[in-house]
Structures are given as structure tokens and as C-alpha cells.
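Peer 1: My file is my_file-v4.cif. It has mmCIF, C-alpha atoms:
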```cif
data_data
#
loop_
_atom_site.label_atom_id
_atom_site.label_comp_id
_atom_site.auth_asym_id
_atom_site.auth_seq_id
_atom_site.Cartn_x
_atom_site.Cartn_y
_atom_site.Cartn_z
CA MET A 1 0.00 0.00 0.00
CA THR A 2 2.27 2.74 -1.23
CA SER A 3 2.56 5.82 -3.33
CA THR A 4 5.99 7.29 -3.80
CA GLU A 5 6.73 10.19 -6.14
CA THR A 6 3.44 11.59 -7.28
CA ALA A 7 2.89 14.60 -9.47
CA GLY A 8 -0.14 16.80 -9.79
CA GLN A 9 -1.84 19.68 -11.50
CA PRO A 10 -2.39 22.04 -8.59
CA GLY A 11 -4.52 24.77 -10.13
CA ASN A 12 -2.81 28.13 -9.70
CA HIS A 13 0.09 26.72 -7.70
CA SER A 14 2.50 26.27 -10.59
CA ASP A 15 5.47 25.83 -8.25
CA SER A 16 3.91 22.81 -6.55
CA PRO A 17 6.27 19.93 -5.70
CA LEU A 18 3.59 17.60 -7.04
CA ARG A 19 4.48 18.53 -10.60
CA HIS A 20 5.93 15.73 -12.72
CA GLU A 21 8.57 17.83 -14.50
CA GLU A 22 12.18 17.42 -13.41
CA THR A 23 13.00 20.27 -11.02
CA ASP A 24 15.48 21.18 -8.29
CA ARG A 25 13.16 19.33 -5.92
CA ASP A 26 14.59 16.08 -7.27
CA ALA A 27 18.05 17.06 -6.05
CA ALA A 28 16.82 17.99 -2.57
CA PRO A 29 16.93 15.44 0.27
CA GLN A 30 13.85 13.26 -0.09
CA PHE A 31 11.30 12.84 2.70
CA VAL A 32 8.11 10.82 3.04
CA LEU A 33 4.90 11.32 4.99
CA PRO A 34 4.07 8.04 6.80
CA LEU A 35 0.45 7.03 7.29
CA VAL A 36 -0.59 3.89 9.14
CA ALA A 37 -4.06 2.44 8.75
CA ARG A 38 -5.46 0.32 11.54
CA ILE A 39 -6.78 -2.85 9.91
CA GLU A 40 -7.78 -5.44 12.46
CA ARG A 41 -8.29 -8.91 11.03
CA ALA A 42 -11.77 -9.40 12.47
CA GLU A 43 -13.16 -5.91 11.80
CA PRO A 44 -11.46 -4.12 8.91
CA PRO A 45 -12.85 -0.70 7.99
CA ALA A 46 -14.87 -0.10 4.85
CA ARG A 47 -12.74 1.01 1.93
CA THR A 48 -14.37 4.41 1.37
CA ASP A 49 -14.24 5.16 5.09
CA ALA A 50 -10.50 4.41 5.10
CA LEU A 51 -9.89 6.56 2.03
CA GLU A 52 -11.74 9.56 3.43
CA THR A 53 -10.02 9.19 6.79
CA ALA A 54 -6.59 9.08 5.14
CA ALA A 55 -7.35 12.24 3.16
CA ARG A 56 -8.44 14.05 6.31
CA ALA A 57 -5.36 12.79 8.16
CA VAL A 58 -3.11 14.59 5.67
CA LEU A 59 -5.08 17.80 6.20
CA VAL A 60 -4.93 17.42 9.98
CA LEU A 61 -1.13 17.13 9.82
CA LEU A 62 -0.81 20.13 7.50
CA SER A 63 -3.03 22.27 9.73
CA ASP A 64 -1.47 21.26 13.05
CA GLU A 65 0.35 24.07 14.86
CA ARG A 66 3.38 21.79 15.22
CA SER A 67 3.72 21.81 11.41
CA ALA A 68 3.91 25.60 11.08
CA GLY A 69 6.23 28.41 12.08
CA ASP A 70 8.62 27.26 14.78
CA GLY A 71 6.62 24.14 15.58
CA GLU A 72 8.47 20.94 16.37
CA TRP A 73 7.44 19.34 13.06
CA ALA A 74 7.76 22.47 10.92
CA ALA A 75 11.29 21.85 9.63
CA ALA A 76 10.45 18.29 8.60
CA VAL A 77 7.27 19.46 6.84
CA ARG A 78 9.21 22.17 4.99
CA ASP A 79 11.92 19.71 3.93
CA TRP A 80 9.25 17.28 2.75
CA GLN A 81 7.44 19.92 0.69
CA ASP A 82 10.70 21.26 -0.73
CA ALA A 83 11.32 17.86 -2.32
CA ARG A 84 8.91 15.51 -4.10
CA ILE A 85 5.70 14.97 -2.17
CA ARG A 86 5.78 11.34 -1.10
CA LYS A 87 3.29 9.48 1.08
CA VAL A 88 3.50 5.84 2.10
CA VAL A 89 0.63 3.95 3.70
CA ARG A 90 1.28 0.91 5.87
CA ARG A 91 -1.10 -1.24 7.87
CA ALA A 92 -1.06 -2.29 11.51
CA ARG A 93 -3.15 -4.32 13.93
CA GLY A 94 -3.01 -5.31 17.57
CA ALA A 95 0.38 -4.73 19.18
CA GLU A 96 1.72 -3.18 15.96
CA TRP A 97 -0.94 -0.48 16.15
CA ARG A 98 -0.23 0.17 19.82
CA ARG A 99 3.47 0.62 19.07
CA ALA A 100 2.62 3.01 16.22
CA GLU A 101 0.36 5.02 18.51
CA ALA A 102 3.23 5.47 20.95
CA LEU A 103 5.22 7.42 18.33
CA PRO A 104 4.69 11.16 17.78
CA GLY A 105 1.80 11.62 15.40
CA ILE A 106 -1.95 12.17 15.14
CA THR A 107 -4.68 9.54 14.95
CA VAL A 108 -7.68 10.51 12.84
CA ALA A 109 -10.90 8.51 13.14
CA GLY A 110 -13.62 8.04 10.55
CA HIS A 111 -16.82 6.05 10.98
CA ARG A 112 -14.88 2.89 11.78
CA ALA A 113 -11.52 3.62 10.18
CA GLU A 114 -8.47 4.88 12.06
CA VAL A 115 -5.42 6.35 10.36
CA ARG A 116 -2.38 7.68 12.18
CA VAL A 117 -0.26 10.28 10.37
CA PHE A 118 3.30 11.05 11.38
CA PRO A 119 5.60 13.99 10.69
CA PRO A 120 7.72 13.46 7.55
CA VAL A 121 10.84 11.32 7.84
CA PRO A 122 13.84 10.85 5.52
CA LEU A 123 13.10 8.37 2.76
CA ASP A 124 15.60 5.91 4.27
CA GLY A 125 15.12 6.96 7.90
CA TRP A 126 11.85 5.40 9.02
CA PRO A 127 11.38 4.74 12.76
CA LYS A 128 11.91 1.04 13.44
CA ASP A 129 8.34 0.42 14.61
CA LEU A 130 6.97 1.88 11.37
CA ALA A 131 9.54 0.40 9.00
CA ARG A 132 8.61 -3.14 10.08
CA LEU A 133 4.92 -2.68 9.20
CA GLN A 134 3.49 -4.31 6.09
CA VAL A 135 2.98 -2.18 2.99
CA SER A 136 0.83 -4.67 1.11
CA GLY A 137 -1.23 -7.77 1.62
CA THR A 138 -4.55 -6.38 2.83
CA GLU A 139 -7.45 -5.28 0.68
CA LEU A 140 -10.51 -3.37 1.80
CA ASP A 141 -14.02 -3.44 0.38
CA ASP A 142 -17.21 -1.48 0.83
CA PRO A 143 -19.92 -3.79 2.24
CA GLU A 144 -22.46 -1.57 0.48
CA PRO A 145 -21.94 0.95 -2.32
CA PRO A 146 -21.30 4.41 -0.87
CA GLY A 147 -24.12 6.88 -1.33
CA ALA A 148 -23.99 10.16 -3.20
CA PRO A 149 -21.27 12.52 -1.97
CA ALA A 150 -22.22 15.54 0.10
CA ALA A 151 -23.10 18.48 -2.11
CA ASP A 152 -21.52 21.04 0.21
CA ALA A 153 -18.00 19.60 0.54
CA PRO A 154 -15.09 18.82 -1.79
CA VAL A 155 -15.17 15.48 -3.60
CA LEU A 156 -12.02 13.55 -4.48
CA TRP A 157 -12.92 11.59 -7.61
CA LEU A 158 -10.95 8.43 -8.39
CA ASN A 159 -10.04 7.58 -11.96
CA PRO A 160 -12.50 4.81 -12.96
CA GLY A 161 -10.03 3.31 -15.41
CA LEU A 162 -7.48 2.33 -12.76
CA GLU A 163 -7.26 -0.58 -10.35
CA MET A 164 -5.28 0.30 -7.24
CA SER A 165 -4.84 -1.30 -3.84
CA ALA A 166 -6.59 0.39 -0.94
CA GLY A 167 -3.27 1.72 0.34
CA LYS A 168 -2.31 3.15 -3.03
CA GLU A 169 -5.67 4.90 -3.22
CA MET A 170 -5.26 6.21 0.33
CA ALA A 171 -1.98 7.86 -0.65
CA GLN A 172 -3.50 9.26 -3.85
CA VAL A 173 -6.49 10.86 -2.10
CA GLY A 174 -4.05 12.24 0.46
CA HIS A 175 -2.26 13.96 -2.41
CA ALA A 176 -5.59 15.27 -3.71
CA ALA A 177 -6.53 16.68 -0.31
CA GLN A 178 -3.18 18.43 -0.21
CA LEU A 179 -3.78 19.99 -3.62
CA ALA A 180 -7.13 21.29 -2.38
CA TRP A 181 -5.39 22.71 0.71
CA TRP A 182 -2.94 24.63 -1.48
CA GLU A 183 -5.84 26.24 -3.34
CA LEU A 184 -7.10 27.96 -0.19
CA SER A 185 -6.22 31.07 1.80
CA GLU A 186 -5.23 30.81 5.46
CA GLU A 187 -8.72 31.93 6.51
CA GLU A 188 -10.35 29.34 4.26
CA ARG A 189 -8.06 26.62 5.61
CA ALA A 190 -8.98 27.59 9.18
CA ALA A 191 -12.68 27.39 8.34
CA TRP A 192 -12.26 23.94 6.76
CA ARG A 193 -10.38 22.75 9.81
CA ALA A 194 -13.03 24.14 12.18
CA ALA A 195 -15.68 22.22 10.22
CA GLY A 196 -13.72 18.96 10.62
CA PHE A 197 -12.41 18.82 7.05
CA PRO A 198 -15.61 17.54 5.40
CA LEU A 199 -14.91 15.74 2.12
CA SER A 200 -15.98 12.71 0.14
CA VAL A 201 -14.12 10.13 -1.94
CA ARG A 202 -15.94 8.46 -4.81
CA ALA A 203 -15.17 6.71 -8.09
CA ALA A 204 -16.01 8.88 -11.07
CA GLY A 205 -17.98 7.69 -14.07
CA ARG A 206 -15.97 7.50 -17.27
CA ALA A 207 -17.61 10.47 -19.00
CA GLN A 208 -17.53 12.42 -15.73
CA TRP A 209 -13.81 11.70 -15.35
CA GLU A 210 -13.02 13.15 -18.77
CA GLU A 211 -14.97 16.29 -17.88
CA LEU A 212 -13.23 16.61 -14.50
CA THR A 213 -9.77 16.41 -15.99
CA ARG A 214 -10.65 19.20 -18.45
CA SER A 215 -12.24 21.46 -15.84
CA GLY A 216 -9.04 23.16 -14.70
CA GLY A 217 -9.35 21.91 -11.13
CA PRO A 218 -6.61 20.11 -9.19
CA VAL A 219 -5.69 16.69 -10.59
CA VAL A 220 -3.18 14.25 -9.11
CA SER A 221 -0.87 12.52 -11.58
CA ASP A 222 1.13 9.55 -10.37
CA ALA A 223 4.70 9.13 -11.55
CA GLY A 224 4.13 5.41 -12.06
CA PHE A 225 6.72 3.90 -9.72
CA THR A 226 4.29 1.42 -8.09
CA GLU A 227 1.19 -0.50 -9.19
CA ILE A 228 0.13 1.69 -12.13
CA ALA A 229 1.57 3.40 -15.18
CA PRO A 230 2.17 7.15 -15.00
CA GLY A 231 -1.05 9.10 -15.29
CA LYS A 232 -3.92 10.90 -13.64
CA THR A 233 -5.40 9.26 -10.56
CA VAL A 234 -7.65 11.67 -8.63
CA ALA A 235 -9.53 14.84 -9.58
CA VAL A 236 -10.72 17.36 -7.01
CA GLU A 237 -14.14 18.97 -7.36
CA GLY A 238 -15.79 21.48 -5.07
CA VAL A 239 -12.92 23.42 -3.52
CA ASP A 240 -15.25 26.42 -3.69
CA CYS A 241 -17.46 24.69 -1.12
CA VAL A 242 -14.77 25.39 1.47
CA ARG A 243 -14.80 29.08 0.62
CA SER A 244 -18.43 29.32 1.64
CA LEU A 245 -17.90 27.84 5.11
CA PRO A 246 -18.50 30.17 8.09
CA ARG A 247 -15.32 31.91 9.28
#
```
Step by step, read the file and then write its structure as C-alpha cells.
Peer 2:
Amino acid sequence: MTSTETAGQPGNHSDSPLRHEETDRDAAPQFVLPLVARIERAEPPARTDALETAARAVLVLLSDERSAGDGEWAAAVRDWQDARIRKVVRRARGAEWRRAEALPGITVAGHRAEVRVFPPVPLDGWPKDLARLQVSGTELDDPEPPGAPAADAPVLWLNPGLEMSAGKEMAQVGHAAQLAWWELSEEERAAWRAAGFPLSVRAAGRAQWEELTRSGGPVVSDAGFTEIAPGKTVAVEGVDCVRSLPR
């Protein structure tokens, strides 16, 4: 369950480190944002719940006071964003999860899903208790098809032509949430945070996907290092919904 270098089309943010073109970011020290999904054998979360929780976890980390200014995570976050934006999702259960929870980070809960996000670490410098966790081997399903997305919150639309593991998709929607974050002012970000970062993740229809990718909104493009060929993976719709939240 991994996404490494991933590029994107971040709207007006033409200097985004999610771009695919070769830039000075490739020469910078490379960092990764670790996410750990709690997947207990007996009661795994629904897939959509896990995806939405992972996307919100990225936003929670970005908005945390420790990630800004002189915060204790700020330097790591800056180094991470100065290089390629990498996110890796691993899974944990039982004692593995308890060890992960003991490390500095933030646990974000969905309906049943739990995802813990950690401050960025060097690509080859993972904490031991995270490095030993499995990256693959667990799939998630939705017991019932998810309903229509909320009309008053951003929607992260998955490319219907791709088959990705749950972890790969969790990393991709995390990238999409980050692109949406970059589209917003500080006041708009604060309002989204105060509302609990409402968002939905859904699979787009094929005709809808073509329209989304031509709309000029943020689109994540994977560099193709794992699971899939290079190409577009997630399109963001409804960033303007955040702008109408109470401030």
C-alpha cells in the first residue's frame, strides 16, 4: 500500500512539488509522509471510510500548529514539501498499532476507520516500529456501495479506469486533499479545519472523469513507480465549497 513520487496539477500553484517535470526538488533530500491504517483482522474498515479518513489525516497534519512556524514538526514538513511529495501507507493491527500510537503523530478517526499520520521522515530513515509494518497484503471493500457525496464539501474523484490497492488509493487521495489545501487562503483553511475537514471520496464515471480532468481543477498525476503506469489518478471537485464555510 504505497505511493511514492506523485505529481499533480495544482490549479494556480505552478510551483507545486507535485508537478511531474524534473525540477530542483529532485536534487533535494527526499522525505516521506508516513500514514498507518489500523486494519484489524476481524473488523477491517470499509474502503471508502478508510480513504476519506486518510485524506483528512493529511489535512490534519498540515493544519497542526506543530507543522507551522517554529513548531516541532515544521522543519520536517518544509523539507518534505521542498522535495517531491511522497506518502506511504502501511497497515497495523493489535500490538503493531499500539506501538505506532506510541510514536509522535496524530490519529484521525472516521466512521470505523483509524489512520495515524506522522511527521515526515527521511526516505531511508523510518522509525523502526513503522519500518517493520506491512505495505501490502490487505485489501478493503465497501460492504455496500457508498451513497452520493455531500453536495456542500469537496469530492475527491478516483479515476474509474485504474485498479489500485486500498493503500495506493489512500496515498493518492491524500495527495488530492493536499492539492485542495494549497488552493485555499489561510482563513479558508482555518474554516475547513473548524468544520472537521468535510470531504468525500468516490469513483467517477468514465464520462464524468473526462470532464473533470478538463475542468481546470486540481488533478493528481502519479509518476508510475508502483502498481500503475504514470497518469492521472484523482480529480478534485468542489474546492469552492470550502470558501463558503463560516469563518
Peer 1: Spell out the residues picked by the PyMOL selection byres ((chain A and resi 190-201) around 9) here, as a PyMOL selection string.
Peer 2: chain A and resi 48-49+51-52+55-56+59-60+63+149-150+152-158+173+177+185-189+202-203+242-243+245-247
Peer 1: Given the file above and the PyMOL selection byres ((chain A and resi 142) around 7), which residues are selected, and can you give them as a ChimeraX atom specification?
Peer 2: /A:46-48,141,143-145
Peer 1: Restrict the calculation to all atoms listed in the file, then for each residue of region 113-197 of chain A with any atom at most 12 Å from an atom of region 28-35 of chain A give the closest atom pair and their distance in Å to one decimal, rows by chain and rising residue number, as a Markdown table.
Peer 2:
```
| residue | atom | partner | partner_atom | distance |
| --- | --- | --- | --- | --- |
| A:Glu114 | CA | A:Leu35 | CA | 10.3 |
| A:Val115 | CA | A:Leu35 | CA | 6.7 |
| A:Arg116 | CA | A:Leu35 | CA | 5.7 |
| A:Val117 | CA | A:Leu35 | CA | 4.5 |
| A:Phe118 | CA | A:Pro34 | CA | 5.5 |
| A:Pro119 | CA | A:Leu33 | CA | 6.3 |
| A:Pro120 | CA | A:Leu33 | CA | 4.4 |
| A:Val121 | CA | A:Phe31 | CA | 5.4 |
| A:Pro122 | CA | A:Phe31 | CA | 4.3 |
| A:Leu123 | CA | A:Phe31 | CA | 4.8 |
| A:Asp124 | CA | A:Phe31 | CA | 8.3 |
| A:Gly125 | CA | A:Phe31 | CA | 8.7 |
| A:Trp126 | CA | A:Pro34 | CA | 8.5 |
| A:Pro127 | CA | A:Pro34 | CA | 10.0 |
| A:Asp129 | CA | A:Pro34 | CA | 11.7 |
| A:Leu130 | CA | A:Pro34 | CA | 8.2 |
| A:Ala131 | CA | A:Pro34 | CA | 9.7 |
| A:Leu133 | CA | A:Leu35 | CA | 10.9 |
| A:Gln134 | CA | A:Leu35 | CA | 11.8 |
| A:Val135 | CA | A:Leu35 | CA | 10.5 |
| A:Gly167 | CA | A:Leu35 | CA | 9.5 |
| A:Lys168 | CA | A:Leu35 | CA | 11.4 |
| A:Met170 | CA | A:Leu35 | CA | 9.0 |
| A:Ala171 | CA | A:Leu35 | CA | 8.3 |
| A:Gly174 | CA | A:Leu35 | CA | 9.7 |
| A:His175 | CA | A:Leu33 | CA | 10.6 |
| A:Gln178 | CA | A:Leu33 | CA | 12.0 |
```
Peer 1: If I take CA of Arg206 (chain A) and CA of Trp182 (chain A), how far is one from the other in Å, to one decimal?
Peer 2: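 Computing the Euclidean distance for CA of Arg206 (chain A) and CA of Trp182 (chain A) yields 26.7 Å.
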Peer 1: Using only C-alpha atoms, which of the listed residues (A:Glu101, A:Pro146, A:Leu62, A:Gly231) sits closest to Leu179 (chain A)?
Peer 2: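 Result for the nearest residue to Leu179 (chain A): A:Leu62.
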Peer 1: Neighbouring residues of region 162-164 of chain A were defined as those with any atom within 8 Å, considering only C-alpha atoms; residues of the same chain fewer than 6 positions away were excluded. Please report them as an MDAnalysis selection string.
Peer 2: chainID A and resid 227:228 233
Peer 1: Using Å and a single decimal, report how far CA of Ala176 (chain A) sits from CA of Pro218 (chain A).
Peer 2: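 The value is 7.4 Å.
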Peer 1: Would you mind reading off the distance between CA of Ala83 (chain A) and CA of Trp209 (chain A), one decimal, in Å?
Peer 2: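 Taking CA of Ala83 (chain A) as the start and CA of Trp209 (chain A) as the end point, the length is 29.0 Å.
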Peer 1: Using all atoms listed in the file, find the one residue out of A:Ala75, A:Val239, A:Leu184, A:Ala54 that sits nearest to Ala113 (chain A).
Peer 2: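 Among the listed residues, the smallest separation from Ala113 (chain A) belongs to A:Ala54.
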Peer 1: Smallest atom-to-atom distance to Pro104 (chain A): which of A:Val220, A:Ala92, A:Leu61, A:Ala68, using all atoms listed in the file?
Peer 2: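 With all atoms listed in the file as the atom set, the closest residue is A:Leu61.
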